[in-house]
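Student: Questions regarding the structure given below will be posed in turn.
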Amino acid sequence: MPIYFYQTNQQLPLSLESIGNDWPQDDVVRPDGYPYFHWLQTEQGEGRVTFGQESFILRPSEGILIFPFTPHRYYPLSDWKTSFATFQGPLAAEILKKFTSKPYLLVEESETFSYMTWIKQRIKEDPKISWDPLQASSECYRFLLAIMQENSGNPTEKHPLFQQYLIPVIQEIETNYDQAITIRDLAGLVYVSPQYLSRLFQRFLGQSTAQYLLNYRMARAKELLVAQPDLPIQQAAFAVGFQDASHFTALFKKRVGLTPLKFRQLYH
């Protein structure tokens with residue numbers, strides 16, 4: 001029943017605060033909530049989670065993400081073993097801001113993403129030392145994004161069009177975002193027109209191909225700016241696929257509301 005705690009890393013927009021699995025879960029009462037996003041999932045048995053007058057039973061493979069400072073209690077109904085992870089950093093709130101109307105998100109294991117496997121893999125890879133900062137932040141982003149997609153009520157990844165056309169393109173973007181990728185190149189990868197590819201992105205992900213590529217580059221840029229405080233802005237721009245640092249700065253300010261330098265100063 002391993003459990004690991006990590007030092008607070010103010011340099012990262014998203015990171016782990018703690019992680020554990022195979023945990024014999026007892027009664028936990030938090031009248032003031034927990035200061036971070038807290039993921040709790042049943043591995044074995046059953047437990048009940050309560051929020052005031054509202055309560056849920058967590059059965060095997062079911063999990064819940066509890067938002068920061070949300071009063072709650074959870075306790076076993078049988079021999080209850082859990083996996084858990086807590087996430088810190090301002091990017092978590094940004095990712096999940098569309099769900100702030102309620103203080104939790106209920107999620108189940110799916111064919112496309114296993115939360116328990118993710119936790120086991122993180123523990124296996126890092127029992128005593130911290131991950132590479134960029135890798136750590138990227139993995140946390142992937143975990144929270146899976147939760148967000150599950151709660152969007154849109155199981156897009158199972159659709160054959162998503163499988164055939166979007167998955168190869170998304171993999172290409174995530175692998176070569178630092179290169180001079182064009183939308184025509186991406187469309188050619190799956191033998192469709194740029195217009196059709198963009199319609200598929202809009203249908204399944206709510207954004208055009210160009211917007212998805214830009215959003216991904218901006219997310220990687222934020223991580224670079226925070227994790228490498230001495231990296232010149234121009235080099236950060238080049239590292240995420242922009243050939244013109246001035247254009248990068250203008251786009252960054254338009255989307256984030258701050259210049260790259262001002263954004264970096266929030267964490268240093």
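In the structure tokens, the first chain shown is A, the next is B, and so on; residue numbers restart at 1 for each chain, and ligands run from 1 in the order shown.
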Within 12 Å of region 71-94 of chain A, which residues of region 106-197 of chain A show up? Give each one with its shortest atom-to-atom distance in Å (one decimal) and the two atoms involved, counting only C-alpha atoms, rows by chain then rising residue number, as CSV.
Tutor:
residue,atom,partner,partner_atom,distance
A:Ser114,CA,A:Ser83,CA,11.8
A:Tyr115,CA,A:Ser83,CA,8.8
A:Met116,CA,A:Ser83,CA,6.7
A:Thr117,CA,A:Ser83,CA,9.9
A:Trp118,CA,A:Ala85,CA,10.2
A:Ile119,CA,A:Ser83,CA,7.4
A:Lys120,CA,A:Ser83,CA,8.8
A:Arg122,CA,A:Ala85,CA,10.3
A:Ile123,CA,A:Ala85,CA,10.7
A:Ala136,CA,A:Phe87,CA,11.0
A:Ser137,CA,A:Leu91,CA,9.6
A:Ser138,CA,A:Leu91,CA,11.1
A:Glu139,CA,A:Phe87,CA,11.2
A:Cys140,CA,A:Phe87,CA,7.6
A:Tyr141,CA,A:Ala92,CA,7.8
A:Arg142,CA,A:Ala92,CA,11.0
A:Phe143,CA,A:Phe87,CA,10.0
A:Leu144,CA,A:Ala92,CA,7.5
A:Leu145,CA,A:Ala92,CA,9.5
A:Ile147,CA,A:Ala92,CA,11.4
A:Met148,CA,A:Ala92,CA,10.8
Student: Keeping N, CA, C and O atoms, export the residues of the selection given above as a CSV table (one decimal), in the first residue's frame.
Tutor:
chain,number,residue,atom,x,y,z
A,114,SER,N,-7.5,4.3,-18.2
A,114,SER,CA,-7.7,3.6,-16.9
A,114,SER,C,-6.9,4.5,-15.9
A,114,SER,O,-5.7,4.6,-15.9
A,115,TYR,N,-7.7,5.0,-14.9
A,115,TYR,CA,-7.1,5.8,-13.9
A,115,TYR,C,-6.3,5.0,-12.9
A,115,TYR,O,-5.2,5.5,-12.5
A,116,MET,N,-6.7,3.8,-12.6
A,116,MET,CA,-5.9,2.9,-11.7
A,116,MET,C,-4.6,2.6,-12.4
A,116,MET,O,-3.6,2.5,-11.7
A,117,THR,N,-4.6,2.3,-13.7
A,117,THR,CA,-3.4,1.9,-14.3
A,117,THR,C,-2.4,3.1,-14.4
A,117,THR,O,-1.2,3.0,-14.2
A,118,TRP,N,-3.0,4.3,-14.6
A,118,TRP,CA,-2.2,5.5,-14.6
A,118,TRP,C,-1.5,5.7,-13.2
A,118,TRP,O,-0.3,5.9,-13.2
A,119,ILE,N,-2.2,5.5,-12.1
A,119,ILE,CA,-1.6,5.6,-10.8
A,119,ILE,C,-0.6,4.6,-10.6
A,119,ILE,O,0.5,4.9,-10.1
A,120,LYS,N,-0.9,3.3,-10.9
A,120,LYS,CA,0.1,2.3,-10.7
A,120,LYS,C,1.4,2.5,-11.5
A,120,LYS,O,2.5,2.3,-11.0
A,122,ARG,N,2.6,5.5,-12.5
A,122,ARG,CA,3.4,6.6,-11.9
A,122,ARG,C,4.1,6.1,-10.6
A,122,ARG,O,5.3,6.4,-10.4
A,123,ILE,N,3.5,5.3,-9.8
A,123,ILE,CA,4.2,4.7,-8.6
A,123,ILE,C,5.3,3.8,-9.0
A,123,ILE,O,6.4,3.9,-8.4
A,136,ALA,N,6.2,15.2,-15.9
A,136,ALA,CA,5.2,15.1,-14.8
A,136,ALA,C,4.0,15.9,-15.1
A,136,ALA,O,2.8,15.5,-15.0
A,137,SER,N,4.2,17.2,-15.5
A,137,SER,CA,3.1,18.1,-15.8
A,137,SER,C,2.2,17.5,-17.0
A,137,SER,O,1.0,17.6,-16.9
A,138,SER,N,2.9,17.0,-18.0
A,138,SER,CA,2.2,16.5,-19.1
A,138,SER,C,1.3,15.3,-18.7
A,138,SER,O,0.2,15.1,-19.2
A,139,GLU,N,1.8,14.4,-17.9
A,139,GLU,CA,1.1,13.2,-17.4
A,139,GLU,C,-0.1,13.6,-16.6
A,139,GLU,O,-1.2,13.1,-16.7
A,140,CYS,N,0.0,14.6,-15.7
A,140,CYS,CA,-1.1,15.1,-14.9
A,140,CYS,C,-2.1,15.7,-15.8
A,140,CYS,O,-3.3,15.5,-15.6
A,141,TYR,N,-1.7,16.5,-16.8
A,141,TYR,CA,-2.7,17.0,-17.8
A,141,TYR,C,-3.5,16.0,-18.4
A,141,TYR,O,-4.7,16.1,-18.6
A,142,ARG,N,-2.8,14.9,-18.8
A,142,ARG,CA,-3.5,13.8,-19.5
A,142,ARG,C,-4.6,13.1,-18.6
A,142,ARG,O,-5.7,12.8,-19.0
A,143,PHE,N,-4.2,13.0,-17.3
A,143,PHE,CA,-5.2,12.4,-16.4
A,143,PHE,C,-6.4,13.3,-16.2
A,143,PHE,O,-7.5,12.8,-16.3
A,144,LEU,N,-6.2,14.6,-16.0
A,144,LEU,CA,-7.3,15.5,-15.8
A,144,LEU,C,-8.1,15.7,-17.0
A,144,LEU,O,-9.4,15.8,-17.0
A,145,LEU,N,-7.5,15.6,-18.2
A,145,LEU,CA,-8.2,15.8,-19.5
A,145,LEU,C,-9.1,14.6,-19.7
A,145,LEU,O,-10.2,14.7,-20.2
A,147,ILE,N,-10.6,12.9,-17.4
A,147,ILE,CA,-11.8,13.1,-16.5
A,147,ILE,C,-12.7,14.1,-17.1
A,147,ILE,O,-14.0,14.0,-17.2
A,148,MET,N,-12.2,15.2,-17.7
A,148,MET,CA,-13.0,16.2,-18.3
A,148,MET,C,-13.8,15.7,-19.5
A,148,MET,O,-15.0,15.9,-19.6
Student: Could you pull out the residues in region 33-265 of chain A that DSSP calls strand (DSSP E) from the backbone, as number ranges by chain?
Tutor: A: 37-44, 47-51, 54-58, 62-66, 72-76, 81-88, 104-108
Student: Find, counting only C-alpha atoms, the residue in A:Gly188, A:Pro103, A:Gly241, A:Pro13 that gets nearest to Leu213 (chain A).
Tutor: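 Smallest distance to Leu213 (chain A) is found for A:Gly241.
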Student: Apply DSSP to the backbone of this structure and, from region 32-134 of chain A, keep only the residues in alpha helix (DSSP H); write these as a PyMOL selection string.
Tutor: chain A and resi 90-95+115-125+133-134
Student: Using only C-alpha atoms, which residues sit within 9 Å of Thr70 (chain A) once same-chain residues fewer than 3 positions away are excluded, as number ranges by chain?
Tutor: A: 30-35, 51, 66-67, 103-104
Student: With all heavy atoms retained, write the just-selected residues as an mmCIF file, in the first residue's frame.
Tutor:
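What follows is the written file selection-v6.cif:
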data_model
loop_
_atom_site.group_PDB
_atom_site.id
_atom_site.type_symbol
_atom_site.label_atom_id
_atom_site.label_comp_id
_atom_site.auth_asym_id
_atom_site.auth_seq_id
_atom_site.Cartn_x
_atom_site.Cartn_y
_atom_site.Cartn_z
ATOM 1 N N ARG A 30 -13.376 15.775 6.431
ATOM 2 C CA ARG A 30 -12.693 17.046 6.140
ATOM 3 C C ARG A 30 -13.735 18.165 6.103
ATOM 4 O O ARG A 30 -14.285 18.476 5.042
ATOM 5 C CB ARG A 30 -11.951 16.962 4.805
ATOM 6 C CG ARG A 30 -10.811 15.941 4.797
ATOM 7 C CD ARG A 30 -9.939 16.125 3.559
ATOM 8 N NE ARG A 30 -8.817 15.190 3.562
ATOM 9 C CZ ARG A 30 -8.699 14.147 2.758
ATOM 10 N NH1 ARG A 30 -9.666 13.894 1.878
ATOM 11 N NH2 ARG A 30 -7.654 13.354 2.818
ATOM 12 N N PRO A 31 -14.014 18.790 7.234
ATOM 13 C CA PRO A 31 -15.040 19.846 7.273
ATOM 14 C C PRO A 31 -14.671 21.080 6.452
ATOM 15 O O PRO A 31 -15.560 21.847 6.057
ATOM 16 C CB PRO A 31 -15.142 20.180 8.766
ATOM 17 C CG PRO A 31 -13.861 19.702 9.362
ATOM 18 C CD PRO A 31 -13.438 18.519 8.558
ATOM 19 N N ASP A 32 -13.382 21.275 6.195
ATOM 20 C CA ASP A 32 -12.945 22.414 5.378
ATOM 21 C C ASP A 32 -12.428 21.977 4.017
ATOM 22 O O ASP A 32 -11.857 22.789 3.279
ATOM 23 C CB ASP A 32 -11.849 23.194 6.113
ATOM 24 C CG ASP A 32 -12.335 23.770 7.432
ATOM 25 O OD1 ASP A 32 -13.448 24.324 7.454
ATOM 26 O OD2 ASP A 32 -11.616 23.649 8.439
ATOM 27 N N GLY A 33 -12.606 20.696 3.695
ATOM 28 C CA GLY A 33 -12.132 20.196 2.421
ATOM 29 C C GLY A 33 -10.631 19.985 2.396
ATOM 30 O O GLY A 33 -9.947 20.057 3.424
ATOM 31 N N TYR A 34 -10.109 19.721 1.205
ATOM 32 C CA TYR A 34 -8.678 19.508 0.992
ATOM 33 C C TYR A 34 -8.186 20.628 0.087
ATOM 34 O O TYR A 34 -8.920 21.072 -0.806
ATOM 35 C CB TYR A 34 -8.455 18.140 0.328
ATOM 36 C CG TYR A 34 -7.046 17.624 0.446
ATOM 37 C CD1 TYR A 34 -6.570 17.125 1.649
ATOM 38 C CD2 TYR A 34 -6.181 17.631 -0.653
ATOM 39 C CE1 TYR A 34 -5.272 16.646 1.759
ATOM 40 C CE2 TYR A 34 -4.893 17.152 -0.542
ATOM 41 C CZ TYR A 34 -4.440 16.661 0.661
ATOM 42 O OH TYR A 34 -3.152 16.187 0.779
ATOM 43 N N PRO A 35 -6.964 21.130 0.270
ATOM 44 C CA PRO A 35 -6.537 22.308 -0.504
ATOM 45 C C PRO A 35 -6.215 22.051 -1.964
ATOM 46 O O PRO A 35 -5.914 22.998 -2.690
ATOM 47 C CB PRO A 35 -5.281 22.767 0.255
ATOM 48 C CG PRO A 35 -4.784 21.561 0.964
ATOM 49 C CD PRO A 35 -6.009 20.770 1.324
ATOM 50 N N PHE A 51 -21.349 14.822 0.720
ATOM 51 C CA PHE A 51 -21.189 16.276 0.664
ATOM 52 C C PHE A 51 -22.445 16.864 1.293
ATOM 53 O O PHE A 51 -23.463 17.028 0.619
ATOM 54 C CB PHE A 51 -21.048 16.757 -0.779
ATOM 55 C CG PHE A 51 -19.909 16.137 -1.536
ATOM 56 C CD1 PHE A 51 -20.104 14.979 -2.279
ATOM 57 C CD2 PHE A 51 -18.647 16.701 -1.509
ATOM 58 C CE1 PHE A 51 -19.071 14.405 -2.989
ATOM 59 C CE2 PHE A 51 -17.599 16.138 -2.214
ATOM 60 C CZ PHE A 51 -17.814 14.986 -2.946
ATOM 61 N N ILE A 66 -12.696 15.390 -6.266
ATOM 62 C CA ILE A 66 -13.264 16.381 -5.343
ATOM 63 C C ILE A 66 -12.488 17.683 -5.488
ATOM 64 O O ILE A 66 -11.257 17.700 -5.424
ATOM 65 C CB ILE A 66 -13.189 15.868 -3.891
ATOM 66 C CG1 ILE A 66 -13.883 14.500 -3.787
ATOM 67 C CG2 ILE A 66 -13.833 16.871 -2.945
ATOM 68 C CD1 ILE A 66 -13.704 13.828 -2.427
ATOM 69 N N PHE A 67 -13.213 18.772 -5.681
ATOM 70 C CA PHE A 67 -12.579 20.062 -5.901
ATOM 71 C C PHE A 67 -12.008 20.625 -4.593
ATOM 72 O O PHE A 67 -12.469 20.270 -3.504
ATOM 73 C CB PHE A 67 -13.571 21.048 -6.523
ATOM 74 C CG PHE A 67 -13.830 20.803 -7.987
ATOM 75 C CD1 PHE A 67 -13.807 19.521 -8.517
ATOM 76 C CD2 PHE A 67 -14.082 21.853 -8.854
ATOM 77 C CE1 PHE A 67 -14.040 19.277 -9.864
ATOM 78 C CE2 PHE A 67 -14.321 21.634 -10.200
ATOM 79 C CZ PHE A 67 -14.295 20.346 -10.711
ATOM 80 N N PRO A 103 -19.134 20.618 -6.937
ATOM 81 C CA PRO A 103 -17.818 20.493 -6.293
ATOM 82 C C PRO A 103 -17.132 19.154 -6.514
ATOM 83 O O PRO A 103 -16.162 18.850 -5.830
ATOM 84 C CB PRO A 103 -18.164 20.678 -4.811
ATOM 85 C CG PRO A 103 -19.527 20.079 -4.674
ATOM 86 C CD PRO A 103 -20.238 20.398 -5.973
ATOM 87 N N TYR A 104 -17.611 18.353 -7.443
ATOM 88 C CA TYR A 104 -17.023 17.035 -7.665
ATOM 89 C C TYR A 104 -17.360 16.567 -9.073
ATOM 90 O O TYR A 104 -18.274 17.079 -9.732
ATOM 91 C CB TYR A 104 -17.568 16.015 -6.645
ATOM 92 C CG TYR A 104 -19.064 15.872 -6.730
ATOM 93 C CD1 TYR A 104 -19.657 15.019 -7.658
ATOM 94 C CD2 TYR A 104 -19.909 16.629 -5.906
ATOM 95 C CE1 TYR A 104 -21.036 14.921 -7.773
ATOM 96 C CE2 TYR A 104 -21.287 16.535 -6.014
ATOM 97 C CZ TYR A 104 -21.844 15.683 -6.946
ATOM 98 O OH TYR A 104 -23.207 15.594 -7.065
#
Student: Could you state the separation of CA of Glu174 (chain A) and CA of Arg217 (chain A) in Å, given to one decimal place?
Tutor: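 Atom-to-atom, CA of Glu174 (chain A) to CA of Arg217 (chain A), that is 8.8 Å.
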Student: Within 10 Å of Phe238 (chain A), counting only C-alpha atoms, which residues show up once you throw out same-chain ones fewer than 2 positions away? Write them as a list in words, please.
Tutor: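 In the requested format, the answer is Asp178, Gln179, Ala180, Ala221, Ile233, Gln234, Gln235, Ala236, Val240, Gly241, Phe242, Gln243, Asp244, Ala245 and Phe248 of chain A.
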Student: Measure the distance from CA of Gly63 (chain A) to CA of Asn21 (chain A) in Å and round it to one decimal.
Tutor: 12.8 Å
Student: For Phe252 (chain A), find every residue with an atom within 12 Å (counting only C-alpha atoms), except residues of its own chain fewer than 4 positions away, and show them as an mmCIF file with C-alpha atoms, in the first residue's frame.
Tutor:
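Generated output (part12.cif):
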data_model
loop_
_atom_site.group_PDB
_atom_site.id
_atom_site.type_symbol
_atom_site.label_atom_id
_atom_site.label_comp_id
_atom_site.auth_asym_id
_atom_site.auth_seq_id
_atom_site.Cartn_x
_atom_site.Cartn_y
_atom_site.Cartn_z
ATOM 1 C CA LEU A 214 -2.260 26.233 -31.381
ATOM 2 C CA ASN A 215 -3.784 25.214 -28.046
ATOM 3 C CA ARG A 217 1.620 24.501 -28.534
ATOM 4 C CA MET A 218 0.473 27.094 -26.010
ATOM 5 C CA ALA A 219 0.129 24.456 -23.290
ATOM 6 C CA ARG A 220 3.664 23.228 -23.968
ATOM 7 C CA ALA A 221 4.914 26.830 -24.045
ATOM 8 C CA LYS A 222 3.445 27.508 -20.591
ATOM 9 C CA LEU A 225 8.258 29.093 -19.494
ATOM 10 C CA ILE A 233 11.416 33.774 -24.813
ATOM 11 C CA ALA A 236 10.756 28.943 -25.989
ATOM 12 C CA ALA A 237 8.851 30.096 -29.079
ATOM 13 C CA PHE A 242 6.808 29.140 -33.767
ATOM 14 C CA ALA A 245 9.038 35.147 -31.582
ATOM 15 C CA SER A 246 7.055 38.376 -32.010
ATOM 16 C CA HIS A 247 4.118 36.471 -33.463
ATOM 17 C CA PHE A 248 4.343 33.988 -30.568
ATOM 18 C CA VAL A 256 -3.526 34.195 -21.897
ATOM 19 C CA GLY A 257 -3.947 37.890 -21.173
ATOM 20 C CA LEU A 258 -0.263 38.257 -20.293
ATOM 21 C CA THR A 259 2.967 38.384 -22.220
ATOM 22 C CA PRO A 260 5.164 35.276 -21.888
ATOM 23 C CA LEU A 261 7.497 37.219 -19.601
ATOM 24 C CA LYS A 262 4.668 38.385 -17.328
ATOM 25 C CA PHE A 263 3.234 34.859 -17.229
ATOM 26 C CA ARG A 264 6.605 33.465 -16.173
#
Student: One decimal, in Å: what's the spacing between CA of Tyr196 (chain A) and CA of Ile170 (chain A)?
Tutor: 15.2 Å
Student: Do a neighbour search on Arg203 (chain A) at 12 Å with only C-alpha atoms, toss out local chain neighbours closer than 2 positions, and write the hits as a ChimeraX atom specification.
Tutor: /A:154,156,159,161-162,166,196-201,205-209
Student: Kindly save the residues from that selection, with N, CA, C and O atoms included, as a CSV table (one decimal), in the first residue's frame.
Tutor:
chain,number,residue,atom,x,y,z
A,154,ASN,N,-19.4,12.9,-24.0
A,154,ASN,CA,-19.1,12.8,-25.4
A,154,ASN,C,-18.0,11.8,-25.6
A,154,ASN,O,-16.8,12.1,-25.7
A,156,THR,N,-16.0,10.5,-27.6
A,156,THR,CA,-15.6,10.7,-28.9
A,156,THR,C,-14.5,9.7,-29.4
A,156,THR,O,-14.5,9.3,-30.6
A,159,HIS,N,-15.6,6.6,-31.5
A,159,HIS,CA,-16.3,6.8,-32.8
A,159,HIS,C,-15.3,6.4,-33.9
A,159,HIS,O,-14.1,6.8,-33.9
A,161,LEU,N,-14.8,7.5,-36.9
A,161,LEU,CA,-14.2,8.6,-37.6
A,161,LEU,C,-13.1,9.2,-36.7
A,161,LEU,O,-12.0,9.6,-37.3
A,162,PHE,N,-13.3,9.3,-35.4
A,162,PHE,CA,-12.3,9.8,-34.5
A,162,PHE,C,-11.1,8.8,-34.6
A,162,PHE,O,-9.9,9.3,-34.7
A,166,LEU,N,-8.8,11.3,-36.6
A,166,LEU,CA,-8.2,12.3,-35.6
A,166,LEU,C,-7.1,11.7,-34.7
A,166,LEU,O,-6.2,12.4,-34.4
A,196,TYR,N,-12.2,19.2,-44.5
A,196,TYR,CA,-12.9,18.1,-43.9
A,196,TYR,C,-12.3,17.7,-42.6
A,196,TYR,O,-13.0,17.5,-41.6
A,197,LEU,N,-11.0,17.8,-42.5
A,197,LEU,CA,-10.3,17.5,-41.2
A,197,LEU,C,-10.7,18.5,-40.1
A,197,LEU,O,-11.0,18.1,-39.0
A,198,SER,N,-10.8,19.7,-40.5
A,198,SER,CA,-11.2,20.8,-39.6
A,198,SER,C,-12.6,20.6,-39.1
A,198,SER,O,-13.0,20.8,-37.9
A,199,ARG,N,-13.5,20.1,-40.0
A,199,ARG,CA,-14.9,19.8,-39.6
A,199,ARG,C,-14.9,18.7,-38.6
A,199,ARG,O,-15.8,18.7,-37.7
A,200,LEU,N,-14.1,17.7,-38.8
A,200,LEU,CA,-14.1,16.6,-37.9
A,200,LEU,C,-13.6,17.1,-36.5
A,200,LEU,O,-14.1,16.7,-35.4
A,201,PHE,N,-12.5,17.9,-36.5
A,201,PHE,CA,-12.1,18.4,-35.2
A,201,PHE,C,-13.2,19.3,-34.5
A,201,PHE,O,-13.4,19.2,-33.3
A,205,LEU,N,-14.2,17.7,-31.1
A,205,LEU,CA,-13.4,18.4,-30.1
A,205,LEU,C,-13.8,19.8,-29.9
A,205,LEU,O,-13.3,20.5,-29.0
A,206,GLY,N,-14.8,20.3,-30.7
A,206,GLY,CA,-15.2,21.7,-30.5
A,206,GLY,C,-14.3,22.8,-30.9
A,206,GLY,O,-14.4,23.9,-30.5
A,207,GLN,N,-13.3,22.4,-31.8
A,207,GLN,CA,-12.3,23.4,-32.2
A,207,GLN,C,-11.8,23.0,-33.6
A,207,GLN,O,-11.8,21.8,-33.9
A,208,SER,N,-11.3,23.9,-34.3
A,208,SER,CA,-10.7,23.5,-35.6
A,208,SER,C,-9.3,22.9,-35.5
A,208,SER,O,-8.8,22.9,-34.4
A,209,THR,N,-8.8,22.3,-36.5
A,209,THR,CA,-7.5,21.7,-36.5
A,209,THR,C,-6.5,22.7,-36.1
A,209,THR,O,-5.6,22.5,-35.2
Student: With only C-alpha atoms as the counted atoms, please give the residues lying no more than 6 Å from Glu62 (chain A), apart from itself and same-chain residues fewer than 3 positions off, as a PDB file with N, CA and C atoms, in the first residue's frame.
Tutor:
ATOM      1  N   GLN A  41     -10.571   6.630  -5.831  1.00  0.00           N
ATOM      2  CA  GLN A  41     -11.162   5.576  -6.660  1.00  0.00           C
ATOM      3  C   GLN A  41     -11.166   4.244  -5.913  1.00  0.00           C
ATOM      4  N   THR A  42     -12.240   3.498  -6.074  1.00  0.00           N
ATOM      5  CA  THR A  42     -12.358   2.194  -5.426  1.00  0.00           C
ATOM      6  C   THR A  42     -11.624   1.124  -6.221  1.00  0.00           C
ATOM      7  N   LEU A  58     -19.170   4.549  -3.898  1.00  0.00           N
ATOM      8  CA  LEU A  58     -18.133   4.272  -4.884  1.00  0.00           C
ATOM      9  C   LEU A  58     -17.891   2.767  -4.929  1.00  0.00           C
ATOM     10  N   ARG A  59     -18.237   2.166  -6.048  1.00  0.00           N
ATOM     11  CA  ARG A  59     -18.047   0.734  -6.256  1.00  0.00           C
ATOM     12  C   ARG A  59     -16.755   0.505  -7.031  1.00  0.00           C
ATOM     13  N   GLU A 108     -15.972   6.746 -14.203  1.00  0.00           N
ATOM     14  CA  GLU A 108     -15.711   5.311 -14.186  1.00  0.00           C
ATOM     15  C   GLU A 108     -14.541   4.981 -15.100  1.00  0.00           C
TER      16      GLU A 108
END
Student: Determine the nearest neighbour of Ser15 (chain A) from the options A:Leu134, A:Gln163, A:Arg48, A:Thr249, counting only C-alpha atoms.
Tutor: A:Leu134
